[in-house]
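So the structure is just underneath, and the comments pick up after that.
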Amino acid sequence: ELYKVFYHVAVTLSFSEASKQLFISQSAVSQSIKVLEKKLNQPLFIRSTKKVQLTPEGEILLKHIEPAMNLIKKGENQLLEAHTLNGGQLRIGASDTICRYYLVPYLNRFHKEFPNIHIKVINQTSIECARFLENGQAGSMNTRVINEFHDVFVASRSAFPLKGSKLALEELLRYPIMMLDRKSTTSEFLHQVFQKSQLDLVPEIELSSNDLLIDLARIGLGIAFVPDFCIPKNDEDLFILDLKEQLPSRQMMVAYNESLPVSQAARQFMDML
């Protein structure tokens, strides 16, 4: 409080103006400055009948107090804005695939509607993103389903002339399978599908990007396992393999930690999804 009073007097160079800005009496302002000067054991202002001036010591102090006051003001504004849609921050953790193939149109729309909200996206696997949320604090995870999709096997028409054939999972193992590495939920899911049929899946290529898997499938290096929403529409080089066994569908979810306060921006974005 003493530094706050000092700041207002130092900026306005007027005890009466500072008292108006702080909504306290002029004598309270004067008393606060005296207490601060006594505390620091040196004069901060030169008082004359006509004007107030900073002493060299007062000028040194102002250089440090001004940025501190601005930081406090900025912090207050950020907290107040976090509960409106005029500012604040929206922080999202999502995998590359979900960001690129699912979130971009929503981020575009959200940014156009609320241009003052700062958007921060952290790219990690879905498992890592969930871990970030859990590490926030011990609290239950709240989830909402936002989309349902299927994973498919895609291959080059020229390299794998299998269009029109129905393949069993066992027959698929004769071909080079390309998939995401073991750190991903997609990889976990496919290994479980094969294990349920008592089959051991040994992929030919494991990568960390679905985009790269699609590129390699296009040049005929193998058959790629990717979510259906990643495949470019009307791709003349690729086709989706027809399987005898129906693979279970998967759900895309938005999750947040209930023990952490959810900003207005985050709620708005989740509603948009």
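Every chain in the structure tokens has a letter given in the order shown (A, B, ...), and although residue numbers restart at 1 in each chain, ligands are simply numbered from 1 in the order shown.
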Who sits within 10 Å of Arg100 (chain A), only C-alpha atoms, same chain under 6 positions skipped, as a list in words | Ala94, Asp211 and Cys230 of chain A
Could you pull the residues within 12 Å of region 120-137 of chain A, counting only C-alpha atoms, minus those fewer than 5 positions along the same chain, as a PDB file with all heavy atoms, in the first residue's frame?
ATOM      1  N   GLY A  88      -7.788 -12.790 -22.078  1.00  0.00           N
ATOM      2  CA  GLY A  88      -7.481 -14.061 -21.422  1.00  0.00           C
ATOM      3  C   GLY A  88      -6.837 -15.020 -22.394  1.00  0.00           C
ATOM      4  O   GLY A  88      -6.447 -14.645 -23.508  1.00  0.00           O
ATOM      5  N   GLN A  89      -6.762 -16.265 -21.979  1.00  0.00           N
ATOM      6  CA  GLN A  89      -6.031 -17.256 -22.768  1.00  0.00           C
ATOM      7  C   GLN A  89      -6.811 -18.560 -22.886  1.00  0.00           C
ATOM      8  O   GLN A  89      -7.512 -18.965 -21.963  1.00  0.00           O
ATOM      9  CB  GLN A  89      -4.681 -17.520 -22.077  1.00  0.00           C
ATOM     10  CG  GLN A  89      -3.699 -18.283 -22.952  1.00  0.00           C
ATOM     11  CD  GLN A  89      -2.373 -18.511 -22.246  1.00  0.00           C
ATOM     12  OE1 GLN A  89      -2.295 -19.280 -21.289  1.00  0.00           O
ATOM     13  NE2 GLN A  89      -1.316 -17.862 -22.706  1.00  0.00           N
ATOM     14  N   LEU A  90      -6.694 -19.178 -24.041  1.00  0.00           N
ATOM     15  CA  LEU A  90      -7.267 -20.503 -24.259  1.00  0.00           C
ATOM     16  C   LEU A  90      -6.094 -21.439 -24.501  1.00  0.00           C
ATOM     17  O   LEU A  90      -5.331 -21.246 -25.438  1.00  0.00           O
ATOM     18  CB  LEU A  90      -8.186 -20.474 -25.492  1.00  0.00           C
ATOM     19  CG  LEU A  90      -8.711 -21.823 -25.992  1.00  0.00           C
ATOM     20  CD1 LEU A  90      -9.621 -22.476 -24.971  1.00  0.00           C
ATOM     21  CD2 LEU A  90      -9.450 -21.647 -27.304  1.00  0.00           C
ATOM     22  N   ARG A  91      -5.913 -22.425 -23.625  1.00  0.00           N
ATOM     23  CA  ARG A  91      -4.786 -23.351 -23.780  1.00  0.00           C
ATOM     24  C   ARG A  91      -5.321 -24.738 -24.135  1.00  0.00           C
ATOM     25  O   ARG A  91      -6.167 -25.283 -23.433  1.00  0.00           O
ATOM     26  CB  ARG A  91      -3.967 -23.418 -22.488  1.00  0.00           C
ATOM     27  CG  ARG A  91      -3.190 -22.133 -22.253  1.00  0.00           C
ATOM     28  CD  ARG A  91      -2.144 -22.292 -21.185  1.00  0.00           C
ATOM     29  NE  ARG A  91      -2.726 -22.724 -19.927  1.00  0.00           N
ATOM     30  CZ  ARG A  91      -2.039 -23.340 -18.966  1.00  0.00           C
ATOM     31  NH1 ARG A  91      -0.769 -23.632 -19.139  1.00  0.00           N
ATOM     32  NH2 ARG A  91      -2.613 -23.673 -17.829  1.00  0.00           N
ATOM     33  N   ILE A  92      -4.805 -25.275 -25.233  1.00  0.00           N
ATOM     34  CA  ILE A  92      -5.281 -26.565 -25.738  1.00  0.00           C
ATOM     35  C   ILE A  92      -4.102 -27.500 -25.931  1.00  0.00           C
ATOM     36  O   ILE A  92      -3.075 -27.113 -26.481  1.00  0.00           O
ATOM     37  CB  ILE A  92      -5.978 -26.385 -27.116  1.00  0.00           C
ATOM     38  CG1 ILE A  92      -7.127 -25.382 -27.007  1.00  0.00           C
ATOM     39  CG2 ILE A  92      -6.472 -27.710 -27.659  1.00  0.00           C
ATOM     40  CD1 ILE A  92      -7.589 -24.870 -28.346  1.00  0.00           C
ATOM     41  N   GLY A  93      -4.253 -28.726 -25.480  1.00  0.00           N
ATOM     42  CA  GLY A  93      -3.257 -29.763 -25.768  1.00  0.00           C
ATOM     43  C   GLY A  93      -3.900 -30.756 -26.723  1.00  0.00           C
ATOM     44  O   GLY A  93      -5.014 -31.226 -26.466  1.00  0.00           O
ATOM     45  N   ALA A  94      -3.253 -31.042 -27.838  1.00  0.00           N
ATOM     46  CA  ALA A  94      -3.828 -31.987 -28.808  1.00  0.00           C
ATOM     47  C   ALA A  94      -2.730 -32.595 -29.672  1.00  0.00           C
ATOM     48  O   ALA A  94      -1.671 -31.994 -29.841  1.00  0.00           O
ATOM     49  CB  ALA A  94      -4.854 -31.275 -29.693  1.00  0.00           C
ATOM     50  N   SER A  95      -3.015 -33.771 -30.203  1.00  0.00           N
ATOM     51  CA  SER A  95      -2.033 -34.419 -31.085  1.00  0.00           C
ATOM     52  C   SER A  95      -1.962 -33.665 -32.408  1.00  0.00           C
ATOM     53  O   SER A  95      -2.883 -32.931 -32.767  1.00  0.00           O
ATOM     54  CB  SER A  95      -2.445 -35.870 -31.336  1.00  0.00           C
ATOM     55  OG  SER A  95      -3.607 -35.902 -32.152  1.00  0.00           O
ATOM     56  N   ASP A  96      -0.876 -33.882 -33.144  1.00  0.00           N
ATOM     57  CA  ASP A  96      -0.703 -33.243 -34.468  1.00  0.00           C
ATOM     58  C   ASP A  96      -1.896 -33.526 -35.370  1.00  0.00           C
ATOM     59  O   ASP A  96      -2.412 -32.646 -36.052  1.00  0.00           O
ATOM     60  CB  ASP A  96       0.564 -33.794 -35.167  1.00  0.00           C
ATOM     61  CG  ASP A  96       1.827 -33.253 -34.539  1.00  0.00           C
ATOM     62  OD1 ASP A  96       1.727 -32.296 -33.767  1.00  0.00           O
ATOM     63  OD2 ASP A  96       2.907 -33.802 -34.809  1.00  0.00           O
ATOM     64  N   THR A  97      -2.307 -34.798 -35.382  1.00  0.00           N
ATOM     65  CA  THR A  97      -3.388 -35.234 -36.273  1.00  0.00           C
ATOM     66  C   THR A  97      -4.686 -34.495 -35.969  1.00  0.00           C
ATOM     67  O   THR A  97      -5.338 -33.973 -36.867  1.00  0.00           O
ATOM     68  CB  THR A  97      -3.625 -36.757 -36.112  1.00  0.00           C
ATOM     69  OG1 THR A  97      -2.383 -37.415 -36.318  1.00  0.00           O
ATOM     70  CG2 THR A  97      -4.642 -37.278 -37.098  1.00  0.00           C
ATOM     71  N   ILE A  98      -5.049 -34.458 -34.691  1.00  0.00           N
ATOM     72  CA  ILE A  98      -6.304 -33.791 -34.307  1.00  0.00           C
ATOM     73  C   ILE A  98      -6.210 -32.302 -34.602  1.00  0.00           C
ATOM     74  O   ILE A  98      -7.157 -31.700 -35.097  1.00  0.00           O
ATOM     75  CB  ILE A  98      -6.650 -34.083 -32.833  1.00  0.00           C
ATOM     76  CG1 ILE A  98      -7.056 -35.551 -32.694  1.00  0.00           C
ATOM     77  CG2 ILE A  98      -7.769 -33.173 -32.328  1.00  0.00           C
ATOM     78  CD1 ILE A  98      -7.212 -36.047 -31.275  1.00  0.00           C
ATOM     79  N   CYS A  99      -5.040 -31.706 -34.320  1.00  0.00           N
ATOM     80  CA  CYS A  99      -4.859 -30.276 -34.612  1.00  0.00           C
ATOM     81  C   CYS A  99      -5.081 -29.989 -36.085  1.00  0.00           C
ATOM     82  O   CYS A  99      -5.864 -29.129 -36.462  1.00  0.00           O
ATOM     83  CB  CYS A  99      -3.448 -29.833 -34.239  1.00  0.00           C
ATOM     84  SG  CYS A  99      -3.319 -29.334 -32.551  1.00  0.00           S
ATOM     85  N   ARG A 100      -4.362 -30.741 -36.901  1.00  0.00           N
ATOM     86  CA  ARG A 100      -4.379 -30.447 -38.334  1.00  0.00           C
ATOM     87  C   ARG A 100      -5.699 -30.793 -39.003  1.00  0.00           C
ATOM     88  O   ARG A 100      -6.236 -30.029 -39.798  1.00  0.00           O
ATOM     89  CB  ARG A 100      -3.240 -31.197 -39.017  1.00  0.00           C
ATOM     90  CG  ARG A 100      -3.250 -30.948 -40.506  1.00  0.00           C
ATOM     91  CD  ARG A 100      -2.042 -31.424 -41.228  1.00  0.00           C
ATOM     92  NE  ARG A 100      -2.187 -31.116 -42.636  1.00  0.00           N
ATOM     93  CZ  ARG A 100      -1.457 -31.619 -43.596  1.00  0.00           C
ATOM     94  NH1 ARG A 100      -0.496 -32.438 -43.301  1.00  0.00           N
ATOM     95  NH2 ARG A 100      -1.644 -31.291 -44.837  1.00  0.00           N
ATOM     96  N   LEU A 103      -9.075 -29.643 -35.587  1.00  0.00           N
ATOM     97  CA  LEU A 103      -9.217 -28.399 -34.833  1.00  0.00           C
ATOM     98  C   LEU A 103      -9.076 -27.112 -35.647  1.00  0.00           C
ATOM     99  O   LEU A 103      -9.639 -26.092 -35.267  1.00  0.00           O
ATOM    100  CB  LEU A 103      -8.195 -28.349 -33.688  1.00  0.00           C
ATOM    101  CG  LEU A 103      -8.490 -29.218 -32.464  1.00  0.00           C
ATOM    102  CD1 LEU A 103      -7.433 -29.000 -31.408  1.00  0.00           C
ATOM    103  CD2 LEU A 103      -9.865 -28.922 -31.882  1.00  0.00           C
ATOM    104  N   VAL A 104      -8.304 -27.160 -36.744  1.00  0.00           N
ATOM    105  CA  VAL A 104      -8.005 -25.916 -37.492  1.00  0.00           C
ATOM    106  C   VAL A 104      -9.257 -25.089 -37.823  1.00  0.00           C
ATOM    107  O   VAL A 104      -9.300 -23.896 -37.522  1.00  0.00           O
ATOM    108  CB  VAL A 104      -7.143 -26.194 -38.748  1.00  0.00           C
ATOM    109  CG1 VAL A 104      -7.085 -24.976 -39.649  1.00  0.00           C
ATOM    110  CG2 VAL A 104      -5.734 -26.578 -38.323  1.00  0.00           C
ATOM    111  N   LEU A 107     -10.496 -23.497 -34.593  1.00  0.00           N
ATOM    112  CA  LEU A 107      -9.585 -22.447 -34.118  1.00  0.00           C
ATOM    113  C   LEU A 107      -9.762 -21.174 -34.952  1.00  0.00           C
ATOM    114  O   LEU A 107      -9.751 -20.062 -34.429  1.00  0.00           O
ATOM    115  CB  LEU A 107      -8.129 -22.926 -34.176  1.00  0.00           C
ATOM    116  CG  LEU A 107      -7.754 -24.026 -33.177  1.00  0.00           C
ATOM    117  CD1 LEU A 107      -6.382 -24.602 -33.513  1.00  0.00           C
ATOM    118  CD2 LEU A 107      -7.770 -23.504 -31.748  1.00  0.00           C
ATOM    119  N   HIS A 111     -11.068 -17.754 -33.330  1.00  0.00           N
ATOM    120  CA  HIS A 111     -10.203 -16.561 -33.400  1.00  0.00           C
ATOM    121  C   HIS A 111     -10.937 -15.385 -34.059  1.00  0.00           C
ATOM    122  O   HIS A 111     -10.771 -14.235 -33.655  1.00  0.00           O
ATOM    123  CB  HIS A 111      -8.931 -16.891 -34.180  1.00  0.00           C
ATOM    124  CG  HIS A 111      -7.997 -15.730 -34.293  1.00  0.00           C
ATOM    125  ND1 HIS A 111      -7.456 -15.102 -33.190  1.00  0.00           N
ATOM    126  CD2 HIS A 111      -7.543 -15.043 -35.375  1.00  0.00           C
ATOM    127  CE1 HIS A 111      -6.705 -14.097 -33.595  1.00  0.00           C
ATOM    128  NE2 HIS A 111      -6.741 -14.035 -34.905  1.00  0.00           N
ATOM    129  N   ASN A 142     -13.047 -34.577 -16.509  1.00  0.00           N
ATOM    130  CA  ASN A 142     -14.365 -34.452 -17.123  1.00  0.00           C
ATOM    131  C   ASN A 142     -14.201 -34.569 -18.631  1.00  0.00           C
ATOM    132  O   ASN A 142     -13.364 -33.891 -19.218  1.00  0.00           O
ATOM    133  CB  ASN A 142     -14.960 -33.085 -16.756  1.00  0.00           C
ATOM    134  CG  ASN A 142     -16.445 -33.037 -17.009  1.00  0.00           C
ATOM    135  OD1 ASN A 142     -16.917 -33.405 -18.073  1.00  0.00           O
ATOM    136  ND2 ASN A 142     -17.181 -32.577 -16.021  1.00  0.00           N
ATOM    137  N   THR A 143     -14.960 -35.445 -19.266  1.00  0.00           N
ATOM    138  CA  THR A 143     -14.810 -35.656 -20.714  1.00  0.00           C
ATOM    139  C   THR A 143     -16.148 -35.508 -21.438  1.00  0.00           C
ATOM    140  O   THR A 143     -17.203 -35.814 -20.882  1.00  0.00           O
ATOM    141  CB  THR A 143     -14.243 -37.061 -21.022  1.00  0.00           C
ATOM    142  OG1 THR A 143     -15.093 -38.041 -20.416  1.00  0.00           O
ATOM    143  CG2 THR A 143     -12.825 -37.220 -20.502  1.00  0.00           C
ATOM    144  N   LEU A 180       1.437 -45.700 -36.507  1.00  0.00           N
ATOM    145  CA  LEU A 180       2.048 -44.793 -35.535  1.00  0.00           C
ATOM    146  C   LEU A 180       2.831 -45.602 -34.503  1.00  0.00           C
ATOM    147  O   LEU A 180       2.543 -46.775 -34.270  1.00  0.00           O
ATOM    148  CB  LEU A 180       0.981 -43.955 -34.825  1.00  0.00           C
ATOM    149  CG  LEU A 180       0.267 -42.881 -35.653  1.00  0.00           C
ATOM    150  CD1 LEU A 180      -0.764 -42.160 -34.795  1.00  0.00           C
ATOM    151  CD2 LEU A 180       1.237 -41.858 -36.252  1.00  0.00           C
ATOM    152  N   ASP A 181       3.817 -44.949 -33.861  1.00  0.00           N
ATOM    153  CA  ASP A 181       4.646 -45.681 -32.889  1.00  0.00           C
ATOM    154  C   ASP A 181       3.875 -45.995 -31.602  1.00  0.00           C
ATOM    155  O   ASP A 181       2.775 -45.487 -31.375  1.00  0.00           O
ATOM    156  CB  ASP A 181       5.952 -44.932 -32.589  1.00  0.00           C
ATOM    157  CG  ASP A 181       5.719 -43.521 -32.093  1.00  0.00           C
ATOM    158  OD1 ASP A 181       4.789 -43.343 -31.292  1.00  0.00           O
ATOM    159  OD2 ASP A 181       6.461 -42.612 -32.503  1.00  0.00           O
ATOM    160  N   ARG A 182       4.486 -46.821 -30.747  1.00  0.00           N
ATOM    161  CA  ARG A 182       3.796 -47.365 -29.569  1.00  0.00           C
ATOM    162  C   ARG A 182       3.373 -46.317 -28.542  1.00  0.00           C
ATOM    163  O   ARG A 182       2.620 -46.606 -27.638  1.00  0.00           O
ATOM    164  CB  ARG A 182       4.683 -48.420 -28.872  1.00  0.00           C
ATOM    165  CG  ARG A 182       4.756 -49.795 -29.538  1.00  0.00           C
ATOM    166  CD  ARG A 182       3.412 -50.399 -29.885  1.00  0.00           C
ATOM    167  NE  ARG A 182       2.591 -50.833 -28.777  1.00  0.00           N
ATOM    168  CZ  ARG A 182       2.426 -52.096 -28.404  1.00  0.00           C
ATOM    169  NH1 ARG A 182       3.035 -53.065 -29.034  1.00  0.00           N
ATOM    170  NH2 ARG A 182       1.629 -52.396 -27.405  1.00  0.00           N
ATOM    171  N   LYS A 183       3.878 -45.095 -28.673  1.00  0.00           N
ATOM    172  CA  LYS A 183       3.505 -44.053 -27.701  1.00  0.00           C
ATOM    173  C   LYS A 183       2.091 -43.519 -27.957  1.00  0.00           C
ATOM    174  O   LYS A 183       1.567 -42.754 -27.170  1.00  0.00           O
ATOM    175  CB  LYS A 183       4.491 -42.877 -27.767  1.00  0.00           C
ATOM    176  CG  LYS A 183       5.898 -43.213 -27.308  1.00  0.00           C
ATOM    177  CD  LYS A 183       6.674 -41.945 -26.954  1.00  0.00           C
ATOM    178  CE  LYS A 183       6.946 -41.078 -28.156  1.00  0.00           C
ATOM    179  NZ  LYS A 183       8.082 -41.531 -28.972  1.00  0.00           N
ATOM    180  N   SER A 184       1.477 -43.910 -29.071  1.00  0.00           N
ATOM    181  CA  SER A 184       0.184 -43.323 -29.443  1.00  0.00           C
ATOM    182  C   SER A 184      -0.993 -44.222 -29.066  1.00  0.00           C
ATOM    183  O   SER A 184      -0.870 -45.441 -28.989  1.00  0.00           O
ATOM    184  CB  SER A 184       0.151 -43.057 -30.950  1.00  0.00           C
ATOM    185  OG  SER A 184       0.115 -44.287 -31.634  1.00  0.00           O
ATOM    186  N   THR A 185      -2.153 -43.597 -28.874  1.00  0.00           N
ATOM    187  CA  THR A 185      -3.373 -44.352 -28.563  1.00  0.00           C
ATOM    188  C   THR A 185      -3.809 -45.171 -29.781  1.00  0.00           C
ATOM    189  O   THR A 185      -4.375 -46.248 -29.642  1.00  0.00           O
ATOM    190  CB  THR A 185      -4.530 -43.395 -28.175  1.00  0.00           C
ATOM    191  OG1 THR A 185      -4.607 -42.358 -29.139  1.00  0.00           O
ATOM    192  CG2 THR A 185      -4.318 -42.797 -26.812  1.00  0.00           C
ATOM    193  N   THR A 186      -3.530 -44.663 -30.997  1.00  0.00           N
ATOM    194  CA  THR A 186      -3.893 -45.379 -32.228  1.00  0.00           C
ATOM    195  C   THR A 186      -3.142 -46.706 -32.319  1.00  0.00           C
ATOM    196  O   THR A 186      -3.723 -47.742 -32.655  1.00  0.00           O
ATOM    197  CB  THR A 186      -3.586 -44.508 -33.475  1.00  0.00           C
ATOM    198  OG1 THR A 186      -4.285 -43.272 -33.338  1.00  0.00           O
ATOM    199  CG2 THR A 186      -3.994 -45.184 -34.762  1.00  0.00           C
ATOM    200  N   SER A 187      -1.865 -46.682 -32.001  1.00  0.00           N
ATOM    201  CA  SER A 187      -1.043 -47.894 -32.032  1.00  0.00           C
ATOM    202  C   SER A 187      -1.547 -48.897 -30.995  1.00  0.00           C
ATOM    203  O   SER A 187      -1.720 -50.084 -31.263  1.00  0.00           O
ATOM    204  CB  SER A 187       0.417 -47.534 -31.747  1.00  0.00           C
ATOM    205  OG  SER A 187       1.167 -48.684 -31.484  1.00  0.00           O
ATOM    206  N   GLU A 188      -1.820 -48.388 -29.798  1.00  0.00           N
ATOM    207  CA  GLU A 188      -2.345 -49.215 -28.701  1.00  0.00           C
ATOM    208  C   GLU A 188      -3.630 -49.914 -29.143  1.00  0.00           C
ATOM    209  O   GLU A 188      -3.825 -51.111 -28.934  1.00  0.00           O
ATOM    210  CB  GLU A 188      -2.631 -48.285 -27.508  1.00  0.00           C
ATOM    211  CG  GLU A 188      -2.837 -48.974 -26.185  1.00  0.00           C
ATOM    212  CD  GLU A 188      -1.566 -49.579 -25.618  1.00  0.00           C
ATOM    213  OE1 GLU A 188      -0.482 -48.985 -25.752  1.00  0.00           O
ATOM    214  OE2 GLU A 188      -1.686 -50.676 -25.070  1.00  0.00           O
ATOM    215  N   SER A 208       5.840 -41.196 -36.168  1.00  0.00           N
ATOM    216  CA  SER A 208       5.080 -40.378 -35.213  1.00  0.00           C
ATOM    217  C   SER A 208       4.115 -39.426 -35.922  1.00  0.00           C
ATOM    218  O   SER A 208       3.526 -38.563 -35.301  1.00  0.00           O
ATOM    219  CB  SER A 208       6.039 -39.561 -34.344  1.00  0.00           C
ATOM    220  OG  SER A 208       6.853 -38.755 -35.166  1.00  0.00           O
ATOM    221  N   SER A 209       3.960 -39.597 -37.247  1.00  0.00           N
ATOM    222  CA  SER A 209       3.093 -38.679 -38.003  1.00  0.00           C
ATOM    223  C   SER A 209       2.199 -39.426 -38.985  1.00  0.00           C
ATOM    224  O   SER A 209       2.680 -40.216 -39.803  1.00  0.00           O
ATOM    225  CB  SER A 209       3.975 -37.676 -38.758  1.00  0.00           C
ATOM    226  OG  SER A 209       3.309 -37.133 -39.857  1.00  0.00           O
ATOM    227  N   ASN A 210       0.888 -39.159 -38.914  1.00  0.00           N
ATOM    228  CA  ASN A 210      -0.054 -39.760 -39.863  1.00  0.00           C
ATOM    229  C   ASN A 210       0.159 -39.222 -41.270  1.00  0.00           C
ATOM    230  O   ASN A 210      -0.027 -39.929 -42.249  1.00  0.00           O
ATOM    231  CB  ASN A 210      -1.501 -39.494 -39.419  1.00  0.00           C
ATOM    232  CG  ASN A 210      -1.959 -40.476 -38.355  1.00  0.00           C
ATOM    233  OD1 ASN A 210      -1.816 -41.676 -38.514  1.00  0.00           O
ATOM    234  ND2 ASN A 210      -2.490 -39.956 -37.268  1.00  0.00           N
ATOM    235  N   MET A 252     -13.593 -39.258 -30.315  1.00  0.00           N
ATOM    236  CA  MET A 252     -12.698 -38.147 -30.008  1.00  0.00           C
ATOM    237  C   MET A 252     -13.348 -37.393 -28.855  1.00  0.00           C
ATOM    238  O   MET A 252     -14.553 -37.162 -28.870  1.00  0.00           O
ATOM    239  CB  MET A 252     -12.575 -37.234 -31.225  1.00  0.00           C
ATOM    240  CG  MET A 252     -11.360 -36.342 -31.206  1.00  0.00           C
ATOM    241  SD  MET A 252     -11.385 -35.217 -32.604  1.00  0.00           S
ATOM    242  CE  MET A 252     -11.034 -36.314 -33.961  1.00  0.00           C
ATOM    243  N   MET A 253     -12.537 -37.055 -27.861  1.00  0.00           N
ATOM    244  CA  MET A 253     -13.104 -36.395 -26.689  1.00  0.00           C
ATOM    245  C   MET A 253     -12.382 -35.107 -26.358  1.00  0.00           C
ATOM    246  O   MET A 253     -11.204 -34.965 -26.645  1.00  0.00           O
ATOM    247  CB  MET A 253     -12.997 -37.315 -25.472  1.00  0.00           C
ATOM    248  CG  MET A 253     -13.843 -38.547 -25.566  1.00  0.00           C
ATOM    249  SD  MET A 253     -13.876 -39.366 -23.975  1.00  0.00           S
ATOM    250  CE  MET A 253     -15.119 -40.606 -24.302  1.00  0.00           C
ATOM    251  N   VAL A 254     -13.122 -34.211 -25.726  1.00  0.00           N
ATOM    252  CA  VAL A 254     -12.488 -33.041 -25.133  1.00  0.00           C
ATOM    253  C   VAL A 254     -12.492 -33.314 -23.627  1.00  0.00           C
ATOM    254  O   VAL A 254     -13.487 -33.801 -23.078  1.00  0.00           O
ATOM    255  CB  VAL A 254     -13.226 -31.733 -25.518  1.00  0.00           C
ATOM    256  CG1 VAL A 254     -14.649 -31.709 -25.033  1.00  0.00           C
ATOM    257  CG2 VAL A 254     -12.494 -30.526 -24.984  1.00  0.00           C
ATOM    258  N   ALA A 255     -11.356 -33.058 -22.965  1.00  0.00           N
ATOM    259  CA  ALA A 255     -11.243 -33.355 -21.537  1.00  0.00           C
ATOM    260  C   ALA A 255     -10.698 -32.149 -20.790  1.00  0.00           C
ATOM    261  O   ALA A 255      -9.873 -31.407 -21.315  1.00  0.00           O
ATOM    262  CB  ALA A 255     -10.313 -34.551 -21.334  1.00  0.00           C
ATOM    263  N   TYR A 256     -11.176 -31.966 -19.579  1.00  0.00           N
ATOM    264  CA  TYR A 256     -10.610 -30.923 -18.722  1.00  0.00           C
ATOM    265  C   TYR A 256     -10.618 -31.411 -17.278  1.00  0.00           C
ATOM    266  O   TYR A 256     -11.392 -32.291 -16.912  1.00  0.00           O
ATOM    267  CB  TYR A 256     -11.362 -29.595 -18.874  1.00  0.00           C
ATOM    268  CG  TYR A 256     -12.828 -29.629 -18.499  1.00  0.00           C
ATOM    269  CD1 TYR A 256     -13.252 -29.285 -17.219  1.00  0.00           C
ATOM    270  CD2 TYR A 256     -13.797 -29.997 -19.439  1.00  0.00           C
ATOM    271  CE1 TYR A 256     -14.588 -29.313 -16.880  1.00  0.00           C
ATOM    272  CE2 TYR A 256     -15.140 -30.030 -19.111  1.00  0.00           C
ATOM    273  CZ  TYR A 256     -15.540 -29.698 -17.825  1.00  0.00           C
ATOM    274  OH  TYR A 256     -16.864 -29.729 -17.482  1.00  0.00           O
ATOM    275  N   ASN A 257      -9.713 -30.847 -16.491  1.00  0.00           N
ATOM    276  CA  ASN A 257      -9.568 -31.254 -15.105  1.00  0.00           C
ATOM    277  C   ASN A 257     -10.545 -30.450 -14.243  1.00  0.00           C
ATOM    278  O   ASN A 257     -10.474 -29.229 -14.196  1.00  0.00           O
ATOM    279  CB  ASN A 257      -8.125 -31.006 -14.644  1.00  0.00           C
ATOM    280  CG  ASN A 257      -7.813 -31.661 -13.316  1.00  0.00           C
ATOM    281  OD1 ASN A 257      -8.669 -31.791 -12.456  1.00  0.00           O
ATOM    282  ND2 ASN A 257      -6.577 -32.075 -13.157  1.00  0.00           N
ATOM    283  N   GLU A 258     -11.455 -31.154 -13.574  1.00  0.00           N
ATOM    284  CA  GLU A 258     -12.507 -30.476 -12.802  1.00  0.00           C
ATOM    285  C   GLU A 258     -11.976 -29.680 -11.619  1.00  0.00           C
ATOM    286  O   GLU A 258     -12.629 -28.778 -11.123  1.00  0.00           O
ATOM    287  CB  GLU A 258     -13.521 -31.506 -12.297  1.00  0.00           C
ATOM    288  CG  GLU A 258     -14.515 -31.913 -13.366  1.00  0.00           C
ATOM    289  CD  GLU A 258     -15.699 -32.673 -12.782  1.00  0.00           C
ATOM    290  OE1 GLU A 258     -15.451 -33.536 -11.925  1.00  0.00           O
ATOM    291  OE2 GLU A 258     -16.830 -32.387 -13.180  1.00  0.00           O
ATOM    292  N   SER A 259     -10.774 -30.050 -11.135  1.00  0.00           N
ATOM    293  CA  SER A 259     -10.246 -29.358  -9.956  1.00  0.00           C
ATOM    294  C   SER A 259      -9.579 -28.026 -10.314  1.00  0.00           C
ATOM    295  O   SER A 259      -9.186 -27.267  -9.449  1.00  0.00           O
ATOM    296  CB  SER A 259      -9.251 -30.251  -9.217  1.00  0.00           C
ATOM    297  OG  SER A 259      -8.155 -30.526 -10.049  1.00  0.00           O
ATOM    298  N   LEU A 260      -9.440 -27.747 -11.617  1.00  0.00           N
ATOM    299  CA  LEU A 260      -8.851 -26.476 -12.054  1.00  0.00           C
ATOM    300  C   LEU A 260      -9.955 -25.572 -12.601  1.00  0.00           C
ATOM    301  O   LEU A 260     -10.869 -26.062 -13.272  1.00  0.00           O
ATOM    302  CB  LEU A 260      -7.806 -26.722 -13.147  1.00  0.00           C
ATOM    303  CG  LEU A 260      -6.629 -27.621 -12.756  1.00  0.00           C
ATOM    304  CD1 LEU A 260      -5.773 -27.910 -13.969  1.00  0.00           C
ATOM    305  CD2 LEU A 260      -5.785 -26.974 -11.677  1.00  0.00           C
ATOM    306  N   PRO A 261      -9.881 -24.251 -12.341  1.00  0.00           N
ATOM    307  CA  PRO A 261     -10.933 -23.377 -12.865  1.00  0.00           C
ATOM    308  C   PRO A 261     -10.925 -23.345 -14.394  1.00  0.00           C
ATOM    309  O   PRO A 261      -9.865 -23.249 -15.004  1.00  0.00           O
ATOM    310  CB  PRO A 261     -10.577 -22.000 -12.285  1.00  0.00           C
ATOM    311  CG  PRO A 261      -9.163 -22.102 -11.825  1.00  0.00           C
ATOM    312  CD  PRO A 261      -8.869 -23.534 -11.562  1.00  0.00           C
ATOM    313  N   ALA A 265     -13.377 -18.568 -21.852  1.00  0.00           N
ATOM    314  CA  ALA A 265     -12.892 -18.866 -23.213  1.00  0.00           C
ATOM    315  C   ALA A 265     -12.901 -20.365 -23.481  1.00  0.00           C
ATOM    316  O   ALA A 265     -13.323 -20.827 -24.541  1.00  0.00           O
ATOM    317  CB  ALA A 265     -11.485 -18.304 -23.387  1.00  0.00           C
ATOM    318  N   ALA A 266     -12.425 -21.146 -22.489  1.00  0.00           N
ATOM    319  CA  ALA A 266     -12.366 -22.600 -22.662  1.00  0.00           C
ATOM    320  C   ALA A 266     -13.781 -23.189 -22.789  1.00  0.00           C
ATOM    321  O   ALA A 266     -14.035 -24.062 -23.619  1.00  0.00           O
ATOM    322  CB  ALA A 266     -11.640 -23.242 -21.479  1.00  0.00           C
TER     323      ALA A 266
END
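Shortest atom-to-atom contact with Ala10 (chain A) among A:Ser27, A:Leu62, A:Leu79, A:Thr49: A:Leu62, counting only C-alpha atoms.
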